[in-house]
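File shown: model_14.txt (compact mmCIF, C-alpha atoms and all ligand atoms).
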```txt
# COMPACT_ATOMS: atom_id res chain seq x y z
CA MET A 349 74.16 165.69 104.65
CA PRO A 350 74.84 162.67 102.46
CA VAL A 351 76.69 163.41 99.26
CA SER A 352 74.83 161.50 96.58
CA SER A 353 73.74 162.22 93.06
CA ALA A 354 70.46 163.56 94.45
CA CYS A 355 72.26 165.99 96.72
CA PRO A 356 72.26 169.69 95.95
CA TYR A 357 75.89 169.98 96.97
CA THR A 358 77.33 167.94 94.13
CA SER A 359 77.02 170.29 91.17
CA SER A 360 80.34 170.85 89.45
CA THR A 361 81.69 173.44 87.09
CA PRO A 362 81.85 171.65 83.74
CA GLY A 363 84.09 172.44 80.83
CA ARG A 364 86.97 174.12 82.61
CA ASP A 365 90.45 173.68 81.31
CA VAL A 366 92.62 171.92 83.82
CA PRO A 367 96.06 170.34 83.55
CA ALA A 368 95.98 166.63 82.72
CA ALA A 369 97.34 165.62 86.12
CA VAL A 370 94.63 167.56 87.87
CA ALA A 371 91.89 166.40 85.49
CA ARG A 372 92.59 162.82 86.47
CA VAL A 373 90.86 163.39 89.78
CA ARG A 374 87.57 163.66 87.93
CA SER A 375 87.57 159.91 87.60
CA GLY A 376 87.94 159.66 91.36
CA PRO A 377 90.84 160.33 93.69
CA GLU A 378 93.64 157.81 93.62
CA ALA A 379 94.93 156.18 96.75
CA SER A 380 97.67 158.65 97.52
CA SER A 381 97.95 160.95 94.54
CA GLY A 382 97.22 163.82 96.89
CA LEU A 383 94.97 165.33 94.25
CA ALA A 384 91.71 166.76 95.56
CA ASP A 385 88.51 165.86 93.75
CA ARG A 386 86.92 169.09 92.49
CA ARG A 387 83.36 167.85 92.85
CA GLN A 388 83.93 166.69 96.40
CA ALA A 389 85.60 169.99 97.20
CA GLU A 390 82.73 172.08 95.86
CA SER A 391 80.13 169.87 97.46
CA PHE A 392 81.84 170.21 100.83
CA VAL A 393 82.25 173.97 100.64
CA ARG A 394 78.55 174.31 99.81
CA GLN A 395 77.60 172.03 102.69
CA PHE A 396 79.81 174.01 105.06
CA HIS A 397 78.18 177.31 104.11
CA HIS A 398 74.71 175.78 104.12
CA GLU A 399 75.10 174.49 107.67
CA GLN A 400 77.19 177.40 108.94
CA PRO A 401 75.52 180.52 107.61
CA GLY A 402 77.52 183.63 108.34
CA GLU A 403 80.85 182.12 107.30
CA GLY A 404 81.14 184.42 104.31
CA ASP A 405 80.33 184.33 100.61
CA VAL A 406 79.92 180.75 99.44
CA GLU A 407 80.34 181.44 95.71
CA ARG A 408 83.55 183.31 96.32
CA ARG A 409 84.94 180.48 98.41
CA VAL A 410 83.91 177.86 95.83
CA ARG A 411 85.74 179.83 93.13
CA ALA A 412 88.86 180.21 95.27
CA VAL A 413 88.93 176.52 96.15
CA LEU A 414 88.47 175.35 92.54
CA ASP A 415 91.08 177.81 91.39
CA GLU A 416 93.53 176.55 94.01
CA ILE A 417 92.88 172.95 92.90
CA ASP A 418 93.45 173.88 89.28
CA ARG A 419 96.75 175.51 90.15
CA THR A 420 98.12 173.09 92.75
CA GLY A 421 96.06 169.89 92.53
CA THR A 422 94.66 170.45 96.01
CA TYR A 423 93.54 173.16 98.43
CA GLU A 424 93.84 174.11 102.05
CA HIS A 425 90.84 174.03 104.36
CA SER A 426 90.26 177.03 106.56
CA PRO A 427 90.42 176.15 110.27
CA ALA A 428 86.62 176.48 110.46
CA GLU A 429 86.14 174.18 107.45
CA LEU A 430 88.49 171.65 108.97
CA ALA A 431 86.71 171.60 112.34
CA PHE A 432 83.30 171.39 110.68
CA GLY A 433 84.42 168.65 108.30
CA ALA A 434 85.90 166.59 111.11
CA ARG A 435 82.76 166.88 113.22
CA VAL A 436 80.54 165.94 110.28
CA ALA A 437 82.76 162.95 109.56
CA TRP A 438 81.89 161.79 113.08
CA ARG A 439 78.21 162.57 112.52
CA ASN A 440 78.38 160.40 109.38
CA ALA A 441 80.03 157.43 111.13
CA ALA A 442 77.33 154.79 110.62
CA ARG A 443 78.84 152.36 113.11
CA CYS A 444 79.06 154.81 116.00
CA ILE A 445 76.39 154.82 118.69
CA GLY A 446 77.94 157.86 120.42
CA ARG A 447 77.16 160.51 117.84
CA LEU A 448 74.91 162.72 120.00
CA TYR A 449 77.95 164.79 120.95
CA TRP A 450 79.37 165.23 117.45
CA ARG A 451 79.37 169.03 117.72
CA SER A 452 81.53 169.02 120.82
CA MET A 453 84.59 167.34 119.36
CA VAL A 454 87.79 169.28 120.05
CA VAL A 455 89.70 169.61 116.77
CA ARG A 456 93.45 170.19 117.02
CA ASP A 457 94.74 171.70 113.83
CA LEU A 458 98.25 170.24 113.48
CA ARG A 459 98.41 170.24 109.70
CA HIS A 460 101.84 171.85 109.78
CA LEU A 461 103.34 168.70 111.34
CA THR A 462 105.02 166.15 109.05
CA ASP A 463 107.98 165.13 111.19
CA ALA A 464 107.72 161.83 113.11
CA ASP A 465 109.11 163.20 116.41
CA ALA A 466 106.71 166.13 116.35
CA ILE A 467 103.75 163.93 115.44
CA ALA A 468 104.53 161.48 118.25
CA ALA A 469 104.84 164.34 120.76
CA ALA A 470 101.51 165.75 119.54
CA CYS A 471 99.84 162.34 119.87
CA PHE A 472 101.05 162.15 123.46
CA GLU A 473 99.63 165.58 124.12
CA HIS A 474 96.40 164.38 122.47
CA LEU A 475 96.20 161.55 125.02
CA ARG A 476 96.79 163.96 127.92
CA LEU A 477 94.20 166.46 126.72
CA ALA A 478 91.64 163.81 125.80
CA GLY A 479 92.18 161.86 129.02
CA ASN A 480 91.82 165.08 131.00
CA GLY A 481 92.36 163.31 134.33
CA GLY A 482 89.39 161.03 133.64
CA ARG A 483 86.82 163.48 132.26
CA ILE A 484 87.32 162.24 128.71
CA ARG A 485 87.06 164.85 125.97
CA PRO A 486 86.27 163.70 122.42
CA THR A 487 89.29 165.00 120.54
CA LEU A 488 90.76 164.81 117.06
CA SER A 489 94.29 165.78 116.01
CA VAL A 490 94.81 166.45 112.31
CA PHE A 491 98.29 166.14 110.85
CA ALA A 492 99.48 167.00 107.35
CA PRO A 493 97.19 165.91 104.49
CA GLU A 494 98.10 164.13 101.29
CA ARG A 495 99.32 166.58 98.66
CA PRO A 496 100.52 165.99 95.11
CA ASP A 497 103.90 167.40 96.12
CA ARG A 498 104.14 165.60 99.48
CA PRO A 499 102.61 162.33 100.68
CA ALA A 500 101.13 162.45 104.17
CA PRO A 501 102.54 160.89 107.31
CA ARG A 502 100.83 157.89 108.89
CA ILE A 503 100.42 156.40 112.31
CA VAL A 504 101.03 152.67 112.03
CA ASN A 505 99.13 151.68 115.20
CA ASP A 506 95.38 151.22 114.91
CA GLN A 507 94.90 153.02 118.24
CA LEU A 508 97.26 155.37 120.08
CA VAL A 509 97.05 153.07 123.11
CA ARG A 510 97.05 149.31 122.58
CA TYR A 511 98.30 146.35 124.55
CA ALA A 512 100.90 144.11 122.93
CA GLY A 513 100.11 140.48 122.25
CA HIS A 514 102.08 137.41 121.26
CA ARG A 515 101.84 133.64 121.30
CA THR A 516 104.27 131.64 123.40
CA ALA A 517 106.11 128.51 122.29
CA ASP A 518 103.41 126.37 123.98
CA GLY A 519 100.71 128.10 121.95
CA ASP A 520 99.29 130.24 124.78
CA TRP A 521 98.57 133.88 124.23
CA ILE A 522 100.07 136.64 126.33
CA GLY A 523 98.38 140.01 126.00
CA ASP A 524 95.96 141.02 123.26
CA PRO A 525 96.04 138.60 120.30
CA ARG A 526 94.56 141.34 118.18
CA THR A 527 97.84 143.22 118.10
CA SER A 528 100.13 140.29 117.29
CA LEU A 529 101.12 141.76 113.92
CA LEU A 530 101.67 145.23 115.36
CA THR A 531 103.65 143.69 118.20
CA ALA A 532 105.82 141.78 115.75
CA ARG A 533 106.33 144.93 113.73
CA ALA A 534 107.39 146.92 116.79
CA ARG A 535 109.86 144.19 117.78
CA HIS A 536 111.24 144.13 114.28
CA LEU A 537 111.91 147.85 114.64
CA GLY A 538 113.86 147.21 117.83
CA TRP A 539 111.25 147.57 120.57
CA LYS A 540 111.49 145.15 123.50
CA ARG A 541 108.34 143.45 124.77
CA ASP A 542 107.95 141.69 128.07
CA GLU A 543 105.71 138.84 129.10
CA GLU A 544 102.97 141.06 130.50
CA ALA A 545 99.28 140.85 129.67
CA PHE A 546 98.84 144.63 129.57
CA GLN A 547 102.04 146.12 128.16
CA THR A 548 101.40 149.17 126.00
CA LEU A 549 102.79 149.10 122.50
CA PRO A 550 105.05 151.89 121.32
CA LEU A 551 103.63 154.46 118.92
CA MET A 552 104.94 153.90 115.39
CA VAL A 553 104.95 156.86 113.03
CA GLN A 554 105.81 156.85 109.34
CA GLU A 555 106.77 160.18 107.86
CA ARG A 556 105.84 158.85 104.44
CA PRO A 557 104.42 155.56 103.19
CA GLY A 558 107.22 153.15 102.46
CA LEU A 559 109.60 154.66 105.02
CA ARG A 560 110.72 152.70 108.05
CA PRO A 561 108.54 153.88 110.96
CA ASP A 562 110.06 155.57 113.98
CA TRP A 563 108.82 154.22 117.29
CA TYR A 564 108.23 155.90 120.62
CA GLU A 565 107.45 154.38 124.00
CA LEU A 566 104.28 155.99 125.44
CA PRO A 567 105.24 158.27 128.35
CA ASP A 568 103.63 157.13 131.62
CA ASP A 569 101.61 160.30 132.03
CA THR A 570 99.83 159.73 128.70
CA VAL A 571 98.24 156.37 129.52
CA LEU A 572 95.40 156.61 131.97
CA GLU A 573 94.44 153.07 133.00
CA VAL A 574 91.77 151.53 135.21
CA PRO A 575 92.44 148.38 137.27
CA LEU A 576 89.29 146.26 137.24
CA ARG A 577 87.42 145.30 140.40
CA HIS A 578 83.97 143.87 140.98
CA PRO A 579 81.63 145.55 143.48
CA ASP A 580 80.61 142.21 145.07
CA HIS A 581 83.48 139.81 144.37
CA ALA A 582 86.80 140.57 146.01
CA TRP A 583 88.54 137.81 144.01
CA PHE A 584 87.93 139.73 140.78
CA ALA A 585 90.76 142.18 141.51
CA GLU A 586 93.17 139.23 141.78
CA LEU A 587 92.70 138.53 138.08
CA GLY A 588 94.91 141.57 137.55
CA LEU A 589 92.79 142.94 134.70
CA ARG A 590 92.95 146.52 133.52
CA TRP A 591 92.08 148.62 130.51
CA TYR A 592 92.99 152.06 129.24
CA ALA A 593 90.73 155.08 129.41
CA VAL A 594 91.02 156.65 125.96
CA PRO A 595 90.09 154.71 122.81
CA ALA A 596 91.88 156.77 120.14
CA ILE A 597 91.53 155.36 116.62
CA SER A 598 94.62 156.22 114.62
CA ASP A 599 94.43 154.21 111.39
CA MET A 600 91.48 155.80 109.63
CA THR A 601 91.78 158.39 106.90
CA LEU A 602 89.72 161.50 107.48
CA GLU A 603 88.42 162.67 104.11
CA ILE A 604 86.94 166.14 103.85
CA GLY A 605 85.96 167.80 100.59
CA GLY A 606 88.27 165.58 98.53
CA VAL A 607 91.28 166.12 100.79
CA ARG A 608 92.67 163.11 102.65
CA TYR A 609 94.19 163.20 106.10
CA PRO A 610 95.60 159.72 106.80
CA ALA A 611 97.04 160.79 110.16
CA ALA A 612 94.06 162.07 112.13
CA PRO A 613 93.70 160.18 115.42
CA PHE A 614 90.41 160.72 117.23
CA ASN A 615 88.78 159.51 120.40
CA GLY A 616 85.50 159.43 122.24
CA TRP A 617 84.95 157.66 125.53
CA TYR A 618 84.36 153.98 125.99
CA MET A 619 81.03 152.23 126.25
CA GLY A 620 81.53 149.46 128.82
CA THR A 621 80.58 146.59 126.51
CA GLU A 622 83.47 147.35 124.14
CA ILE A 623 85.79 146.19 126.91
CA GLY A 624 83.60 143.84 128.96
CA ALA A 625 81.81 142.06 126.13
CA ARG A 626 84.48 142.18 123.40
CA ASN A 627 88.08 143.04 124.28
CA LEU A 628 88.23 140.92 127.42
CA ALA A 629 85.61 138.36 126.42
CA ASP A 630 85.96 137.45 122.74
CA PRO A 631 87.60 134.05 122.23
CA GLU A 632 90.14 135.65 119.87
CA ARG A 633 90.91 138.46 122.32
CA TYR A 634 91.56 138.01 126.07
CA ASP A 635 89.09 135.10 126.19
CA LEU A 636 88.24 135.50 129.87
CA LEU A 637 84.73 134.05 130.08
CA PRO A 638 85.88 130.57 131.18
CA VAL A 639 88.17 132.14 133.79
CA VAL A 640 85.44 134.38 135.19
CA ALA A 641 82.85 131.59 135.08
CA ASP A 642 85.11 129.27 137.07
CA ARG A 643 85.72 131.92 139.71
CA LEU A 644 81.97 132.46 139.88
CA GLY A 645 81.56 128.70 140.42
CA LEU A 646 79.38 128.25 137.35
CA ASP A 647 78.79 124.89 135.72
CA ARG A 648 80.55 124.86 132.35
CA THR A 649 79.62 121.30 131.43
CA SER A 650 76.51 122.44 129.60
CA GLU A 651 75.75 125.51 127.49
CA ARG A 652 72.29 125.47 129.04
CA THR A 653 73.56 126.82 132.36
CA LEU A 654 74.24 130.06 130.45
CA TRP A 655 77.61 130.30 132.15
CA ARG A 656 78.92 132.45 129.29
CA ASP A 657 76.06 134.89 129.62
CA ARG A 658 76.35 135.10 133.40
CA ALA A 659 80.13 135.59 133.22
CA LEU A 660 79.62 138.31 130.59
CA VAL A 661 77.26 140.23 132.83
CA GLU A 662 79.59 140.12 135.83
CA LEU A 663 82.57 141.14 133.70
CA ASN A 664 80.59 144.10 132.41
CA VAL A 665 79.49 145.05 135.92
CA ALA A 666 83.16 145.07 136.92
CA VAL A 667 84.15 147.29 133.99
CA LEU A 668 81.42 149.89 134.61
CA HIS A 669 82.00 149.86 138.37
CA SER A 670 85.77 150.26 138.07
CA TYR A 671 85.67 153.19 135.61
CA GLN A 672 83.05 154.89 137.76
CA GLU A 673 85.17 154.45 140.91
CA ALA A 674 88.26 155.68 139.08
CA GLY A 675 86.42 158.78 137.87
CA VAL A 676 86.95 157.89 134.22
CA THR A 677 84.15 158.70 131.77
CA MET A 678 82.40 155.61 130.46
CA ALA A 679 78.90 155.00 129.15
CA ASP A 680 76.72 151.98 129.81
CA HIS A 681 74.94 150.49 126.83
CA HIS A 682 71.41 151.36 128.00
CA THR A 683 72.18 155.05 128.47
CA GLU A 684 74.19 155.29 125.25
CA SER A 685 71.35 153.60 123.33
CA ASP A 686 68.85 156.15 124.58
CA ARG A 687 71.23 158.98 123.69
CA PHE A 688 71.60 157.62 120.18
CA LEU A 689 67.83 157.64 119.66
CA ARG A 690 67.78 161.23 120.94
CA HIS A 691 70.48 162.04 118.41
CA ILE A 692 68.38 160.58 115.59
CA ALA A 693 65.33 162.56 116.74
CA GLN A 694 67.38 165.76 116.88
CA GLU A 695 68.84 165.18 113.43
CA THR A 696 65.38 164.42 112.04
CA ARG A 697 64.14 167.77 113.37
CA LEU A 698 67.00 169.41 111.48
CA GLY A 699 65.94 167.63 108.30
CA ARG A 700 68.88 165.23 108.25
CA SER A 701 68.86 161.47 108.17
CA THR A 702 71.10 159.36 110.38
CA PRO A 703 72.32 156.34 108.47
CA ALA A 704 73.36 153.61 110.87
CA ASP A 705 74.61 150.06 110.76
CA TRP A 706 72.29 148.04 113.02
CA SER A 707 74.87 145.29 113.52
CA TRP A 708 77.35 147.78 114.96
CA ILE A 709 74.86 149.98 116.83
CA VAL A 710 73.18 147.21 118.83
CA PRO A 711 75.38 146.36 121.84
CA PRO A 712 77.04 142.94 122.00
CA ILE A 713 75.17 141.97 125.16
CA SER A 714 71.53 142.33 126.11
CA GLY A 715 70.66 143.67 122.68
CA SER A 716 66.92 143.38 123.07
CA ALA A 717 67.05 145.06 126.48
CA THR A 718 68.33 148.26 124.84
CA SER A 719 66.25 150.79 122.93
CA VAL A 720 68.35 150.67 119.75
CA PHE A 721 67.45 147.02 119.09
CA HIS A 722 63.79 147.52 118.28
CA ARG A 723 63.99 149.39 115.02
CA TYR A 724 65.83 149.75 111.73
CA TYR A 725 67.95 152.65 110.53
CA ASP A 726 68.43 154.69 107.39
CA PRO A 727 70.61 152.78 104.93
CA VAL A 728 74.31 153.51 104.86
CA ASP A 729 75.75 155.20 101.77
CA PRO A 730 79.45 154.35 101.49
CA ALA A 731 80.00 157.42 99.31
CA VAL A 732 78.97 159.86 102.05
CA ARG A 733 81.58 162.51 102.92
CA PRO A 734 83.11 163.91 105.08
CA ALA A 735 84.00 160.50 106.51
CA PHE A 736 86.48 158.42 108.40
CA LEU A 737 87.60 155.73 105.96
CA PRO A 738 89.53 152.52 106.49
CA ARG A 739 93.13 153.04 105.59
CA GLU A 740 93.90 151.84 102.09
CA ALA A 741 97.68 151.67 102.20
N1 LIG A 801 86.00 149.15 120.18
C1 LIG A 801 87.31 149.75 120.22
C2 LIG A 801 88.03 149.28 121.47
O1 LIG A 801 87.50 148.55 122.22
C3 LIG A 801 87.21 151.27 120.24
C4 LIG A 801 86.37 151.88 119.14
C5 LIG A 801 85.96 153.31 119.43
N2 LIG A 801 85.16 153.38 120.62
C6 LIG A 801 84.72 154.50 121.20
N3 LIG A 801 84.02 154.39 122.28
N4 LIG A 801 84.97 155.69 120.68
O2 LIG A 801 89.13 149.66 121.74
```

Could you render the structure as structure tokens?
Ligand code: ARG
Amino acid sequence: MPVSSACPYTSSTPGRDVPAAVARVRSGPEASSGLADRRQAESFVRQFHHEQPGEGDVERRVRAVLDEIDRTGTYEHSPAELAFGARVAWRNAARCIGRLYWRSMVVRDLRHLTDADAIAAACFEHLRLAGNGGRIRPTLSVFAPERPDRPAPRIVNDQLVRYAGHRTADGDWIGDPRTSLLTARARHLGWKRDEEAFQTLPLMVQERPGLRPDWYELPDDTVLEVPLRHPDHAWFAELGLRWYAVPAISDMTLEIGGVRYPAAPFNGWYMGTEIGARNLADPERYDLLPVVADRLGLDRTSERTLWRDRALVELNVAVLHSYQEAGVTMADHHTESDRFLRHIAQETRLGRSTPADWSWIVPPISGSATSVFHRYYDPVDPAVRPAFLPREA
């Protein structure tokens, strides 16, 4: 349910005496003050009880939460509130086409963890549980939140698994150019890279903002990877391409009821085009379309041969085929598009809107051949909570 001024969940309790430090949150939460916004807190608790009837007396919980905020500047979610808030943050993710399964997300409550070693170990366990031998499970691990008395830890990497990238002296790229800054940061911390195209970066964990991150090499059994082959072209395997199984975003802040969790890595499963039409194909990523086109014997002297388009399709065939053969969950863009429209229909029946960002929802290839292309979506409200937010610091 969007939290807007027209929303029934946003009423506040006016005129209460609160300490100056706590009152400041009324003008909006600051980046890392750790103070919980009272209005957001109340609005969330009401939404939780509205959608989860049978979870107890809402008024009593609202009073307890506001009282806790007045005393401490923040409050602690119950495990049920946390799981609900995390799932709704996914449901609210306007750029995500995969939201049909929002209720099924496994939420690991690790709020007691603030120590870098323990967080890294828990992230590795996240990858094992989520990877699940190939049957990917959407999973979220929540570490300690921001508090006025203790800033939250952070994961420096943008995903738990990422391939390193750097530019050589001759100006060629090795690996994923997207991670060149992360790669440089890891090296600066003492990590050693090699000259491989698919070398996983270490996980970098900061116990507090401003502290030097600790880094941890990913244990082999945490990184499930798929070597890429094409069903009809034997030469494709010789390209030596691969990708990992679990896309686990680790640099977004989960905000629930005014409480911020900057370390809250989450994953779904891949849709093939993310890898085949972006990661391996974009000119500023692995830039493989010319390579694939040449192996396919396509004429690259004119755009009108559509060599890019034909190379894209074969690359995407290879990705889908390889994940399927490896027994690793992956969606194709036609199926995922249909599921998304089912999700919207289901939400509509429940009286909820599904704001969506057309430019992110429509797949990067064959847009008009998918069902999500041929319509518009409810407008996105950036103030909606619970939400996954871009990291601010
Ligand atoms: N597009 C990103 C990548 O290629 C992953 C984003 C999340 N994707 C997902 N299917 N849950 O790594």

Near Pro525 in chain A, within 9 Å and counting only C-alpha atoms, which residues show up once chain neighbours fewer than 2 positions away are dropped, as a PDB file with C-alpha atoms, keeping the file's coordinate frame?
```pdb
ATOM      1  CA  ALA A 512     100.900 144.110 122.930  1.00  0.00           C
ATOM      2  CA  GLY A 513     100.110 140.480 122.250  1.00  0.00           C
ATOM      3  CA  HIS A 514     102.080 137.410 121.260  1.00  0.00           C
ATOM      4  CA  ARG A 515     101.840 133.640 121.300  1.00  0.00           C
ATOM      5  CA  TRP A 521      98.570 133.880 124.230  1.00  0.00           C
ATOM      6  CA  ILE A 522     100.070 136.640 126.330  1.00  0.00           C
ATOM      7  CA  GLY A 523      98.380 140.010 126.000  1.00  0.00           C
ATOM      8  CA  THR A 527      97.840 143.220 118.100  1.00  0.00           C
ATOM      9  CA  SER A 528     100.130 140.290 117.290  1.00  0.00           C
ATOM     10  CA  LEU A 529     101.120 141.760 113.920  1.00  0.00           C
ATOM     11  CA  GLU A 632      90.140 135.650 119.870  1.00  0.00           C
ATOM     12  CA  ARG A 633      90.910 138.460 122.320  1.00  0.00           C
ATOM     13  CA  TYR A 634      91.560 138.010 126.070  1.00  0.00           C
TER      14      TYR A 634
END
```

Show me which residues sit within 8 Å of ligand LIG 801 (chain A) when counting only C-alpha atoms and all ligand atoms, and put them as a PyMOL selection string. chain A and resi 444+446+507+510+595-597+615-619+622-623+626-627

Separation of CA of Leu508 in chain A and CA of Leu551 in chain A, in Å? 6.5 Å

Residues proximal to (111.0, 148.1, 115.7) were defined as those with any atom within 10 Å of that point in the file's coordinates, counting all atoms listed in the file. Which are they, as JSON, numbers by chain? {"A": [530, 531, 532, 533, 534, 535, 536, 537, 538, 539, 540, 550, 552, 560, 561, 562, 563, 564]}

Export, as a short mmCIF file (atom, residue, chain, number, x, y, z; two decimals), in the frame of the given file, the selected residues with C-alpha atoms.
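What follows is the written file result_38.cif:
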```
data_model
loop_
_atom_site.label_atom_id
_atom_site.label_comp_id
_atom_site.auth_asym_id
_atom_site.auth_seq_id
_atom_site.Cartn_x
_atom_site.Cartn_y
_atom_site.Cartn_z
CA LEU A 530 101.67 145.23 115.36
CA THR A 531 103.65 143.69 118.20
CA ALA A 532 105.82 141.78 115.75
CA ARG A 533 106.33 144.93 113.73
CA ALA A 534 107.39 146.92 116.79
CA ARG A 535 109.86 144.19 117.78
CA HIS A 536 111.24 144.13 114.28
CA LEU A 537 111.91 147.85 114.64
CA GLY A 538 113.86 147.21 117.83
CA TRP A 539 111.25 147.57 120.57
CA LYS A 540 111.49 145.15 123.50
CA PRO A 550 105.05 151.89 121.32
CA MET A 552 104.94 153.90 115.39
CA ARG A 560 110.72 152.70 108.05
CA PRO A 561 108.54 153.88 110.96
CA ASP A 562 110.06 155.57 113.98
CA TRP A 563 108.82 154.22 117.29
CA TYR A 564 108.23 155.90 120.62
#
```

Applying 12 Å and only C-alpha atoms, which residues near Gly715 in chain A remain after dropping the ones on its own chain fewer than 3 positions away? List them as a list in words. Thr621, Ala625, His681, His682, Ser685, Trp706, Ser707, Trp708, Ile709, Val710, Pro711, Pro712, Thr718, Ser719, Val720, Phe721, His722 and Arg723 of chain A

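Shortest separation to Arg590 in chain A among A:Ile692, A:Val406, A:Val393, A:Leu576 occurs at residue A:Leu576, atoms counted being only C-alpha atoms.
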
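In this structure, CA of Ala470 in chain A sits 17.6 Å away from CA of Thr601 in chain A.
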
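Of the residues under consideration (A:Arg483, A:Leu448, A:Leu458, A:Ala464), A:Leu448 shows the shortest atom-to-atom contact distance to Ala693 in chain A when counting all atoms listed in the file.
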
Please write as an MDAnalysis selection string the list of polymer residues whose atoms come within 6 Å of (102.8, 166.2, 108.8), counting all atoms listed in the file and keeping to the coordinates of the file. chainID A and resid 460:463 491:492 501

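Distance-wise, CA of Leu660 in chain A and CA of Gly645 in chain A end up 13.9 Å apart.
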